[in-house]
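Right, one structure below, let's go through it.
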Amino acid sequence: MKKIALLGSTGSIGVQVLNVVSRHPDLFSIVSLAAGNNARLFSHQVKTFRPAVAALANEEAFLSVKEDLPTGVEYFTGEDAVLSAIVKEADVVFVSVVGFLGLKCVLKAIEYKKPIALANKESLCAGGELVMARAKAAGVPIIPVDSEHSAIWQCLAFDSQKTCEKIVLTASGGPFWKLPKEEFSTITKARALAHPTWNMGAKITIDSATLANKGLEIMEAHHLFSAPLEKIDVVLHPESIVHSMATFSDGAMIAELSYPSMEIPIQLALTYPHRIPSGVAQLDLPKLSALHFHPVPEEKFPCFTLAKQALKAGGVMPCVYSAANEAAVEAFLAERIAFCEISDYIALALEKIPNTTPNDYDILSQTALTATAIVRSAIGDKLCP
Ligand SMILES: NC(=O)c1ccc[n+]([C@@H]2O[C@H](COP(=O)([O-])OP(=O)(O)OC[C@H]3O[C@@H](n4cnc5c(N)ncnc54)[C@H](OP(=O)(O)O)[C@@H]3O)[C@@H](O)[C@H]2O)c1
C-alpha cells in the first residue's frame, strides 16, 4: 500500500490522481490532501478518502465547510497550509498544485526526503537547478508526471540519467497553430480555453494555446534529463498520440504512444517499474491510420521563442519567464489583456530584471515577486476592449 500526500487535490491532475487511487484501493491510499479554494470539492474528497491531514488555503472557504467536515482529520488553513500536508507518513508526495507555489512544495518534500511525483512544471522551470541539486544531495527521486517527460523517462527505461542523442517533445499545437497570424488579435478567452485534445486546468490550457507550455516543458526536460537546449527538439503532433520520443546515436528512435490521458503517466509515477491496468483503451492503429508531425510555426508563438531565450540566458531568467507568464495568463483569464499581449508582458519582465545566480529559494521567490509586480503594474487597471 503506497501512501500518497496529494498537493492540489481539487485540480485537473489532482482529481485524476484520486481516480487512479479509487481504481486501485488495494495499492494506494491518500494520507493527506491539500487544495486552494474549492471548498465543496475539498470537503467531498476528505469525506471520501479520509486522509489523516487535510489543508485548504482559502480560510473563508474553509470556514464555509468546516461544520460539515468529518472528525478524526487534522485540518490546516492559510496560505502555507499546503506544506502541512507533506507528512512524515507519506511514501510519495504528489505535487499537482499550479504555478510558482510548486517550488516551495517540492523543496519541502526534498527536505523531508520524500520521493516526488512531479506534475507541477513551474517549480522546475523557476528553480530547476536548486531543485535538482537538493534532490540529488538528499537522494530524493523526482518522478516525471507531465506526459511528455513521462514518455521520455519511459523511452530511457525509467533512468533519467541515461543519455540519448536528442529528446523530441511533441506539442499538440493547441487550438491556433493553423490560424493565420493576422487573426491572432481576434482570439477570445473562450476559444483559447477550448483545447482540441487535452482537458486540463485553465492556466496550462492557455499555456498550450500560446505554446508557453512547450517552452516550460523544454526547461523541465533540460533539468530532468540533464539535457542542453541544443539536444531538445519540439515537433507539432496534432493527434497527441505520440507523447514524446528519444533518438539514439545509431539512428534509432523510441517513442511512447497512447490515447491522450494523464491517468497513464499519473499511475506509472506510482507503480514504476511495474505497469497495471489504467482503464485507458489500447490504441486501435488501423482506426488512427495516420499520425502527423510538423515543424513549430515559431513566428506565431513568441512565448515559445522567449522561453528558449530565457533558458539560454540561464540564471534567474527562466524564473522571470515563468512568473511573468503566470501573471500575464492570470490577466488574460480575467479578460484584462489580449491573447497576443501575453508575450509582450513576459518580454517586458525579462528586459527589466537583471540576471543573477539562483542559489537559494529567497532569490527565486524575490525574482518571481518582482516579475509579477512588473507585469501587474504595466497592466494597471486596464480592461480588455
Ligand atoms: N492538467 C493537466 O493535464 C496537466 C498535464 C501536465 C502537467 N500539468 C501541470 O500540473 C500542474 C497542475 O495543473 P492542473 O491543470 O491540474 O491545474 P488546476 O486544475 O488549476 O489545479 C491546480 C490545483 O492547485 C490547487 N491550489 C491552488 N492554490 C493553492 C494553494 N495555495 N494551496 C494548495 N493548493 C492550491 C488548486 O486548488 P483549488 O482548485 O481548490 O483552488 C488545484 O487543486 C500545473 O503545473 C500544470 O502545468 C497539468
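As shown in the C-alpha cells, the chain order sets the letters A, B, ...; within each chain, residues go from 1, and ligands are also counted from 1 in the order they appear.
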
Within 6 Å of ligand 1, which residues of chain A come that close, and what is the closest atom pair and distance in Å for each? Count only C-alpha atoms and all ligand atoms and give it as a tab-separated table.
```
residue	atom	partner	partner_atom_place_in_ligand_line	distance
A:Gly8	CA	ligand 1	43 (O)	3.4
A:Ser9	CA	ligand 1	43 (O)	4.6
A:Thr10	CA	ligand 1	43 (O)	3.6
A:Gly11	CA	ligand 1	21 (O)	3.1
A:Ser12	CA	ligand 1	16 (O)	3.7
A:Ile13	CA	ligand 1	16 (O)	3.9
A:Gly14	CA	ligand 1	16 (O)	5.9
A:Ala34	CA	ligand 1	33 (C)	5.2
A:Ala35	CA	ligand 1	34 (N)	3.6
A:Gly36	CA	ligand 1	37 (O)	3.5
A:Asn37	CA	ligand 1	41 (O)	3.8
A:Asn38	CA	ligand 1	40 (O)	3.6
A:Ala57	CA	ligand 1	32 (N)	4.8
A:Glu79	CA	ligand 1	31 (N)	5.4
A:Val82	CA	ligand 1	33 (C)	4.8
A:Ser96	CA	ligand 1	12 (C)	4.6
A:Val97	CA	ligand 1	24 (O)	3.4
A:Val98	CA	ligand 1	44 (C)	4.0
A:Gly99	CA	ligand 1	45 (O)	5.5
A:Ala119	CA	ligand 1	10 (O)	4.3
A:Asn120	CA	ligand 1	45 (O)	3.3
A:Lys121	CA	ligand 1	45 (O)	4.5
A:Glu122	CA	ligand 1	45 (O)	5.6
A:Asp146	CA	ligand 1	6 (C)	4.1
A:Met200	CA	ligand 1	1 (N)	3.7
A:Gly201	CA	ligand 1	15 (O)	3.3
A:Ala202	CA	ligand 1	20 (O)	5.8
A:Ile204	CA	ligand 1	47 (O)	5.0
A:Met262	CA	ligand 1	3 (O)	5.9
```

From the DSSP assignment of the backbone, select every residue of range 81-184 of chain A that is strand (DSSP E or B), and format the answer as a PyMOL selection string. chain A and resi 92-95+116-118+142-144+166-171

Find the nearest atom pair between each residue of range 135-197 of chain A and range 269-275 of chain A for residues within 9 Å, count only C-alpha atoms, give distances in Å to one decimal, sort rows by chain and ascending number, and present the table as JSON lines.
```
{"residue": "A:Ile143", "atom": "CA", "partner": "A:Ala269", "partner_atom": "CA", "distance": 6.1}
{"residue": "A:Pro144", "atom": "CA", "partner": "A:Ala269", "partner_atom": "CA", "distance": 6.9}
{"residue": "A:Val145", "atom": "CA", "partner": "A:Ala269", "partner_atom": "CA", "distance": 6.3}
{"residue": "A:Ser150", "atom": "CA", "partner": "A:Ala269", "partner_atom": "CA", "distance": 8.1}
{"residue": "A:Ala157", "atom": "CA", "partner": "A:Pro273", "partner_atom": "CA", "distance": 8.6}
{"residue": "A:Phe158", "atom": "CA", "partner": "A:Pro273", "partner_atom": "CA", "distance": 7.2}
```

Selection from above, C-alpha atoms, as a compact mmCIF listing (two decimals), in the first residue's frame, can you write it?
```txt
# COMPACT_ATOMS: atom_id res chain seq x y z
CA ILE A 143 9.43 11.23 -10.96
CA PRO A 144 8.07 12.98 -14.04
CA VAL A 145 4.29 13.11 -14.45
CA SER A 150 6.97 10.64 -18.56
CA ALA A 157 13.81 2.77 -19.37
CA PHE A 158 12.97 4.81 -16.22
```

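Here the question is which of A:Ile254, A:Ala192, A:Gln45, A:Lys136 gets nearest to Val15 in chain A using only C-alpha atoms, and that residue is A:Gln45.
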
Distance query Ile187 in chain A at most 10 Å, only C-alpha atoms, self and fewer than 6 positions along chain excluded, as number ranges by chain: A: 176, 179, 338-340

Go ahead and save the picked residues with C-alpha atoms, as a PDB file, in the first residue's frame.
```pdb
ATOM      1  CA  PHE A 176      -4.351  28.087 -33.033  1.00  0.00           C
ATOM      2  CA  LEU A 179      -4.738  30.120 -37.595  1.00  0.00           C
ATOM      3  CA  ALA A 338      -5.462  40.271 -25.102  1.00  0.00           C
ATOM      4  CA  PHE A 339      -4.049  36.865 -26.056  1.00  0.00           C
ATOM      5  CA  CYS A 340      -1.284  38.458 -28.174  1.00  0.00           C
TER       6      CYS A 340
END
```

Mind checking DSSP for range 136-249 of chain A and telling me the alpha helix (DSSP H) residues as a count of residues only? 38

So what do you get for CA of Val235 in chain A versus CA of His292 in chain A, distance-wise?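 So the answer is 9.7 Å.
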
One decimal, Å: what's the distance from CA of Ile206 in chain A over to CA of Ala54 in chain A, could you say?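 We find that CA of Ile206 in chain A and CA of Ala54 in chain A lie 29.3 Å from each other.
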
Find the spatial neighbours of range 16-23 of chain A, counting only C-alpha atoms, within a cut-off of 7 Å - ignore same-chain residues fewer than 6 positions away - and output them as number ranges by chain. A: 29, 263, 266-267

Residue neighbourhood Phe184 in chain A, 12 Å, only C-alpha atoms, exclusion window fewer than 2 positions, as a list in words: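 Neighbouring residues, sequence-local ones excluded: Pro175, Phe176, Trp177, Lys178, Leu179, Pro180, Lys181, Glu182, Thr186, Ile187, Thr188, Lys189, Arg191, Ala192, Ala209, Thr210, Glu299, Lys300, Phe301, Pro302, Ala338, Phe339, Cys340, Glu341 and Ile342 of chain A.
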
Atoms to include: N, CA and C atoms. Write the selected residues as a PDB file, in the first residue's frame.
```
ATOM      1  N   PRO A 175      -5.147  25.166 -30.028  1.00  0.00           N
ATOM      2  CA  PRO A 175      -6.215  25.445 -30.998  1.00  0.00           C
ATOM      3  C   PRO A 175      -5.801  26.361 -32.160  1.00  0.00           C
ATOM      4  N   PHE A 176      -4.612  26.986 -32.079  1.00  0.00           N
ATOM      5  CA  PHE A 176      -4.351  28.087 -33.033  1.00  0.00           C
ATOM      6  C   PHE A 176      -3.186  27.884 -33.991  1.00  0.00           C
ATOM      7  N   TRP A 177      -2.584  26.705 -34.015  1.00  0.00           N
ATOM      8  CA  TRP A 177      -1.362  26.600 -34.819  1.00  0.00           C
ATOM      9  C   TRP A 177      -1.612  26.771 -36.312  1.00  0.00           C
ATOM     10  N   LYS A 178      -2.862  26.527 -36.721  1.00  0.00           N
ATOM     11  CA  LYS A 178      -3.176  26.689 -38.155  1.00  0.00           C
ATOM     12  C   LYS A 178      -3.755  28.076 -38.453  1.00  0.00           C
ATOM     13  N   LEU A 179      -4.094  28.812 -37.400  1.00  0.00           N
ATOM     14  CA  LEU A 179      -4.738  30.120 -37.595  1.00  0.00           C
ATOM     15  C   LEU A 179      -3.729  31.108 -38.196  1.00  0.00           C
ATOM     16  N   PRO A 180      -4.132  31.873 -39.238  1.00  0.00           N
ATOM     17  CA  PRO A 180      -3.194  32.869 -39.780  1.00  0.00           C
ATOM     18  C   PRO A 180      -2.799  33.879 -38.699  1.00  0.00           C
ATOM     19  N   LYS A 181      -1.537  34.289 -38.728  1.00  0.00           N
ATOM     20  CA  LYS A 181      -1.006  35.177 -37.689  1.00  0.00           C
ATOM     21  C   LYS A 181      -1.845  36.470 -37.554  1.00  0.00           C
ATOM     22  N   GLU A 182      -2.336  36.983 -38.673  1.00  0.00           N
ATOM     23  CA  GLU A 182      -3.119  38.238 -38.658  1.00  0.00           C
ATOM     24  C   GLU A 182      -4.389  38.078 -37.829  1.00  0.00           C
ATOM     25  N   THR A 186      -7.839  38.345 -32.765  1.00  0.00           N
ATOM     26  CA  THR A 186      -9.281  38.108 -32.551  1.00  0.00           C
ATOM     27  C   THR A 186      -9.530  36.976 -31.537  1.00  0.00           C
ATOM     28  N   ILE A 187      -8.437  36.383 -30.991  1.00  0.00           N
ATOM     29  CA  ILE A 187      -8.603  35.220 -30.097  1.00  0.00           C
ATOM     30  C   ILE A 187      -9.248  35.634 -28.772  1.00  0.00           C
ATOM     31  N   THR A 188     -10.320  34.942 -28.427  1.00  0.00           N
ATOM     32  CA  THR A 188     -11.015  35.233 -27.161  1.00  0.00           C
ATOM     33  C   THR A 188     -10.605  34.204 -26.101  1.00  0.00           C
ATOM     34  N   LYS A 189     -10.957  34.513 -24.853  1.00  0.00           N
ATOM     35  CA  LYS A 189     -10.683  33.587 -23.744  1.00  0.00           C
ATOM     36  C   LYS A 189     -11.368  32.236 -23.997  1.00  0.00           C
ATOM     37  N   ARG A 191     -12.211  30.771 -26.772  1.00  0.00           N
ATOM     38  CA  ARG A 191     -11.543  29.985 -27.832  1.00  0.00           C
ATOM     39  C   ARG A 191     -10.212  29.438 -27.316  1.00  0.00           C
ATOM     40  N   ALA A 192      -9.490  30.231 -26.534  1.00  0.00           N
ATOM     41  CA  ALA A 192      -8.182  29.787 -26.032  1.00  0.00           C
ATOM     42  C   ALA A 192      -8.346  28.643 -25.023  1.00  0.00           C
ATOM     43  N   ALA A 209      -2.092  27.026 -25.600  1.00  0.00           N
ATOM     44  CA  ALA A 209      -2.524  27.828 -26.756  1.00  0.00           C
ATOM     45  C   ALA A 209      -1.447  28.816 -27.203  1.00  0.00           C
ATOM     46  N   THR A 210      -0.638  29.318 -26.251  1.00  0.00           N
ATOM     47  CA  THR A 210       0.437  30.270 -26.620  1.00  0.00           C
ATOM     48  C   THR A 210       1.743  29.533 -26.934  1.00  0.00           C
ATOM     49  N   GLU A 299       7.026  31.806 -35.664  1.00  0.00           N
ATOM     50  CA  GLU A 299       6.681  33.230 -35.857  1.00  0.00           C
ATOM     51  C   GLU A 299       5.319  33.570 -35.252  1.00  0.00           C
ATOM     52  N   LYS A 300       4.474  32.552 -35.052  1.00  0.00           N
ATOM     53  CA  LYS A 300       3.144  32.819 -34.464  1.00  0.00           C
ATOM     54  C   LYS A 300       3.170  32.730 -32.941  1.00  0.00           C
ATOM     55  N   PHE A 301       4.245  32.172 -32.389  1.00  0.00           N
ATOM     56  CA  PHE A 301       4.238  31.846 -30.956  1.00  0.00           C
ATOM     57  C   PHE A 301       5.445  32.437 -30.221  1.00  0.00           C
ATOM     58  N   PRO A 302       5.446  33.775 -30.017  1.00  0.00           N
ATOM     59  CA  PRO A 302       6.597  34.409 -29.367  1.00  0.00           C
ATOM     60  C   PRO A 302       6.867  33.879 -27.949  1.00  0.00           C
ATOM     61  N   ALA A 338      -5.146  41.126 -23.947  1.00  0.00           N
ATOM     62  CA  ALA A 338      -5.462  40.271 -25.102  1.00  0.00           C
ATOM     63  C   ALA A 338      -4.477  39.103 -25.172  1.00  0.00           C
ATOM     64  N   PHE A 339      -4.875  38.074 -25.899  1.00  0.00           N
ATOM     65  CA  PHE A 339      -4.049  36.865 -26.056  1.00  0.00           C
ATOM     66  C   PHE A 339      -2.637  37.223 -26.551  1.00  0.00           C
ATOM     67  N   CYS A 340      -2.583  38.095 -27.565  1.00  0.00           N
ATOM     68  CA  CYS A 340      -1.284  38.458 -28.174  1.00  0.00           C
ATOM     69  C   CYS A 340      -0.394  39.236 -27.223  1.00  0.00           C
ATOM     70  N   GLU A 341      -0.984  39.820 -26.193  1.00  0.00           N
ATOM     71  CA  GLU A 341      -0.182  40.646 -25.272  1.00  0.00           C
ATOM     72  C   GLU A 341       0.566  39.816 -24.223  1.00  0.00           C
ATOM     73  N   ILE A 342       0.189  38.562 -24.051  1.00  0.00           N
ATOM     74  CA  ILE A 342       0.840  37.744 -23.014  1.00  0.00           C
ATOM     75  C   ILE A 342       2.356  37.770 -23.206  1.00  0.00           C
TER      76      ILE A 342
END
```

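Proximity to Ala368 in chain A was assessed for A:Ala135, A:Cys303, A:Ala117, A:Leu103 counting only C-alpha atoms; the smallest distance is recorded for A:Leu103.
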
I'd like the interatomic distance between CA of Glu351 in chain A and CA of Thr205 in chain A, to a tenth of an Å.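 Separating CA of Glu351 in chain A from CA of Thr205 in chain A is a distance of 25.8 Å.
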
For a quick check of understanding, using only C-alpha atoms, which of A:Ile374, A:Leu7, A:Leu169, A:Leu193 has the smallest distance to Met219 in chain A?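 Among A:Ile374, A:Leu7, A:Leu169, A:Leu193, it is A:Leu169 that comes nearest to Met219 in chain A.
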